[in-house]
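Trainee: File follows, model22.cif with mmCIF, C-alpha atoms and all ligand atoms:
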```cif
data_start
#
loop_
_atom_site.label_atom_id
_atom_site.label_comp_id
_atom_site.auth_asym_id
_atom_site.auth_seq_id
_atom_site.Cartn_x
_atom_site.Cartn_y
_atom_site.Cartn_z
CA MET A 1 -9.96 12.01 -5.02
CA ASP A 2 -10.74 12.75 -1.41
CA PHE A 3 -7.77 11.85 0.76
CA ASP A 4 -9.90 11.88 3.90
CA ASP A 5 -11.55 8.71 2.67
CA GLU A 6 -8.30 7.12 1.61
CA LEU A 7 -7.40 3.82 3.19
CA ILE A 8 -3.98 2.24 3.01
CA VAL A 9 -3.65 -1.40 3.94
CA CYS A 10 -0.50 -3.14 5.13
CA GLY A 11 0.70 -5.41 2.32
CA ARG A 12 2.06 -7.97 4.78
CA CYS A 13 -0.90 -8.54 7.05
CA ARG A 14 -3.75 -6.61 5.36
CA THR A 15 -4.37 -4.45 8.41
CA VAL A 16 -5.49 -0.86 7.80
CA VAL A 17 -2.51 1.29 8.74
CA GLN A 18 -2.68 4.26 11.11
CA VAL A 19 -1.67 7.69 9.90
CA GLU A 20 0.42 9.73 12.35
CA ALA A 21 1.53 13.34 12.09
CA LEU A 22 5.04 13.74 13.51
CA SER A 23 6.17 16.88 15.29
CA GLY A 24 8.59 17.64 12.45
CA GLY A 25 5.65 18.13 10.10
CA GLU A 26 6.08 14.76 8.42
CA THR A 27 3.18 12.35 8.16
CA VAL A 28 3.86 8.65 8.46
CA VAL A 29 1.79 5.49 8.29
CA ARG A 30 2.30 2.64 10.71
CA CYS A 31 0.79 -0.84 10.75
CA PRO A 32 -0.61 -1.49 14.24
CA ALA A 33 -0.21 -5.25 13.77
CA CYS A 34 3.30 -5.78 12.38
CA GLY A 35 4.91 -2.36 12.71
CA GLU A 36 5.60 -1.74 9.02
CA SER A 37 5.97 2.00 8.54
CA ASP A 38 7.00 4.62 6.02
CA THR A 39 6.11 8.16 5.10
CA LEU A 40 2.55 8.71 3.95
CA GLU A 41 3.86 9.87 0.59
CA ALA A 42 5.86 6.68 0.02
CA ALA A 43 3.02 4.47 1.26
CA ARG A 44 0.56 6.22 -1.06
CA ARG A 45 2.90 5.81 -3.99
CA GLU A 46 3.40 2.14 -3.25
CA ALA A 47 -0.33 1.56 -2.74
CA SER A 48 -1.12 3.12 -6.12
CA GLN A 49 1.62 1.05 -7.74
CA HIS A 50 0.08 -2.04 -6.18
CA THR A 51 -3.36 -1.07 -7.49
CA ALA A 52 -1.96 -0.68 -11.01
CA TYR A 53 0.00 -3.91 -10.69
CA ALA A 54 -3.02 -5.85 -9.42
CA PHE A 55 -5.10 -4.53 -12.30
CA LEU A 56 -2.46 -5.53 -14.85
CA GLN A 57 -1.99 -8.88 -13.18
CA GLN A 58 -5.72 -9.50 -13.57
CA ALA A 59 -5.76 -8.37 -17.20
CA LEU A 60 -2.65 -10.29 -18.21
CA ARG A 61 -3.25 -13.42 -16.18
CA PRO A 62 -3.35 -15.75 -19.20
CA LEU A 63 0.06 -14.43 -20.33
CA LYS A 64 1.75 -14.35 -16.96
CA ALA A 65 1.43 -17.91 -15.75
CA GLY A 66 4.47 -18.77 -13.68
CA ALA A 67 5.73 -15.18 -13.46
CA PRO A 68 7.09 -14.23 -10.04
CA GLU A 69 4.72 -12.34 -7.80
CA VAL A 70 5.68 -8.76 -6.99
CA ARG A 71 5.11 -7.83 -3.38
CA TYR A 72 4.22 -4.35 -2.17
CA ARG A 73 4.44 -3.25 1.44
CA PHE A 74 1.31 -1.11 1.19
CA HIS A 75 -1.96 -1.60 -0.64
CA ALA A 76 -4.91 0.67 -1.28
CA GLY A 77 -7.82 -0.23 0.97
ZN ZN B 1 1.24 -5.19 8.92
#
```
What would the structure in this file look like if it were written as structure tokens?
Ligand SMILES: [Zn+2]
Mentor:
Amino acid sequence: MDFDDELIVCGRCRTVVQVEALSGGETVVRCPACGESDTLEAARREASQHTAYAFLQQALRPLKAGAPEVRYRFHAG
């Protein structure tokens, strides 16, 4: 996987987040529209969890009618 091509999308407003390198060496993502932010590592983890969840949701749709929706702050683009 090539991280240069990686896109992370804000889960709240579906805007592609900006990646910022902080002076302390940490990299964070920030949504330019609503301000949602976290470390790049956490956002990546949550985006991949969302991808897996969305896939499962699709596969299990007939079994999951009425189940509560799980919300993720960051999605893979
Ligand atoms: Zn947002």
Trainee: Could you check how far CA of Phe74 in chain A sits from CA of Leu22 in chain A, in Å to one decimal?
Mentor: 19.7 Å
Trainee: Let me make sure I understand: among A:Ala33, A:Ala59, A:Thr27, A:Gln18, which one has the smallest atom-to-atom distance to ligand ZN 1 (chain B) if we use all atoms listed in the file?
Mentor: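 Among the listed residues, the smallest separation from ligand ZN 1 (chain B) belongs to A:Ala33.
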Trainee: Go through A:Ala21, A:Gln58, A:Cys31, A:Ile8 one by one, measure the shortest atom-to-atom distance of each to ligand ZN 1 (chain B) using all atoms listed in the file, and give the residue with the smallest value.
Mentor: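 Nearest candidate to ligand ZN 1 (chain B) out of A:Ala21, A:Gln58, A:Cys31, A:Ile8: A:Cys31.
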Trainee: Quick one: residues within 7 Å of ligand ZN 1 (chain B), with all atoms listed in the file, as number ranges by chain?
Mentor: A: 10-15, 31-36
Trainee: Please provide the set of residues having any atom within 10 Å of Val28 in chain A, restricted to only C-alpha atoms, with same-chain residues fewer than 4 positions apart removed, written as a PyMOL selection string.
Mentor: chain A and resi 17-22+37-43
